[in-house]
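Accompanying notes for the structure given below.
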Amino acid sequence: SQKIEQNSEALNIQEGKTATLTCNYTNYSPAYLQWYRQDPGRGPVFLLLIRENEKEKRKERLKVTFDTTLKQSLFHITASQPADSATYLCALESDYKLSFGAGTTVTVRA
Amino acid sequence: ETGVTQSPTHLIKTRGQQVTLRCSSQSGHNTVSWYQQALGQGPQFIFQYYREEENGRGNFPPRFSGLQFPNYSSELNVNALELDDSALYLCASSRQGSGNTIYFGEGSWLTVV
């Protein structure tokens, strides 16, 4: 069966450190992988999209890698700030829809 | 601000009732998708509409139905509400095709009692 698994534990890190989130998937062949941020009670906000033929993508303090052989994506927040505290969702785009993981909650301590 | 507007923001319904949720998509976006997000879970795809036709459906029963209007706005209707339908319902708009940025609304919180 198809599965998307993100870090099962919440991540607590010190301000200024790098947060690394993992997204593993099975039985998918996604053309694209996307990362979203979701604050409590709000809708998801698009952060980054990476294509299957791209290894790495960066946007400001965010970096995403995509390994279709390992079926894994890593999401890095460098120089983290308390404002980065949120739940981060990994989503695979296949056909016409997004399939999401359950998300990883990140808390950045000042 | 994503430009995707949903209403109502919160509502409470009784088991067995029917509900209609509404979504205005971002200007220029011709595709609307609906997702259900239970507490602590990721969003689950319900269905997608493109040019007023259903363009794909997730694993949801027929009592979940939808509409898309000529101005690309959309409705989600749920009949015979069950307690497990309590969730955040998200509308997402985009241009048709893969790899386009998808913009989500803030969602409609539905509680079924």
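Naming works like this for the structure tokens: A, B, ... for the chains as they're shown, residue 1 at the start of each chain, ligands 1 onward in shown order.
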Interface list for chain A, partner chain B, 8 Å threshold, only C-alpha atoms, as a PyMOL selection string: chain A and resi 32+41-46+49+51+89+93+95-103
Test item, strand (DSSP E) assignment across chain B, answer as a ChimeraX atom specification: /B:5-7,10-13,19-24,31-37,44-50,53-57,64-68,74-78,87-94,103-104,108-112
Within 7 Å of Ser7 in chain B using only C-alpha atoms, minus same-chain residues under 4 positions, as a list in words: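 Near neighbours after the sequence-gap exclusion: Leu21, Arg22, Cys23 and Ser108 of chain B.
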task: Write out as a list of chain:residue names each polymer residue whose atoms come within 9 Å of range 73-83 of chain A, counting only C-alpha atoms; drop sequence neighbours fewer than 6 positions from it.
output: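 With the cut-off at 9 Å, the set is A:Ile13, A:Gln14, A:Glu15, A:Gly16, A:Lys17, A:Thr18, A:Ala19, A:Thr20, A:Leu21, A:Thr22, A:Cys23, A:Asn24, A:Tyr25, A:Leu33, A:Trp35, A:Arg61, A:Leu62, A:Lys63, A:Val64, A:Thr65, A:Phe66, A:Asp67, A:Cys90, A:Thr107, A:Val108, A:Arg109, A:Ala110.
Proximity of B:Val32, B:Val19, B:Ser93, B:Gln26 to Phe64 in chain B, computed with only C-alpha atoms, is greatest for B:Val19.
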query: If we count only C-alpha atoms, what is near Leu110 in chain B at a cut-off of 6 Å, once residues fewer than 4 positions away on the same chain are taken out, given as a list in words?
result: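 Here the qualifying residues turn out to be Leu11, Ile12, Ser86 and Ala87 of chain B.
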Just N, CA and C atoms for this one: save the residues we selected as a compact mmCIF listing (two decimals), in the first residue's frame.
```
# COMPACT_ATOMS: atom_id res chain seq x y z
N LEU B 11 -18.41 25.78 11.78
CA LEU B 11 -19.83 25.45 11.90
C LEU B 11 -20.00 24.14 12.65
N ILE B 12 -21.16 24.04 13.28
CA ILE B 12 -21.51 22.83 14.04
C ILE B 12 -22.79 22.28 13.45
N SER B 86 -16.18 15.21 11.22
CA SER B 86 -15.64 16.38 11.93
C SER B 86 -14.18 16.55 11.53
N ALA B 87 -13.86 17.70 10.95
CA ALA B 87 -12.51 17.92 10.42
C ALA B 87 -12.40 19.34 9.90
```
message: Report as a list of chain:residue names all protein, DNA and RNA residues lying within 10 Å of Leu83 in chain B, evaluated on only C-alpha atoms, omitting residues in the same chain fewer than 3 positions from it.
response: B:Lys13, B:Thr14, B:Arg15, B:Gly16, B:Ser86, B:Ala87, B:Thr111, B:Val112, B:Val113
List the spatial neighbours of Asn30 in chain B as a short mmCIF file (atom, residue, chain, number, x, y, z; two decimals) with C-alpha atoms, in the first residue's frame - criterion: any atom at most 7 Å away, only C-alpha atoms, same-chain residues fewer than 3 positions off excluded.
```cif
data_model
loop_
_atom_site.label_atom_id
_atom_site.label_comp_id
_atom_site.auth_asym_id
_atom_site.auth_seq_id
_atom_site.Cartn_x
_atom_site.Cartn_y
_atom_site.Cartn_z
CA TYR B 50 -11.71 21.55 -13.63
CA ARG B 51 -13.97 23.38 -16.08
CA TYR B 72 -14.31 28.76 -10.92
CA SER B 94 -4.30 26.24 -9.00
CA ARG B 95 -3.92 26.35 -12.74
CA GLN B 96 -4.56 23.02 -14.44
#
```
field: Pairwise distance for CA of Arg37 in chain A and CA of Asp84 in chain A, rounded to one decimal in Å
entry: 9.1 Å
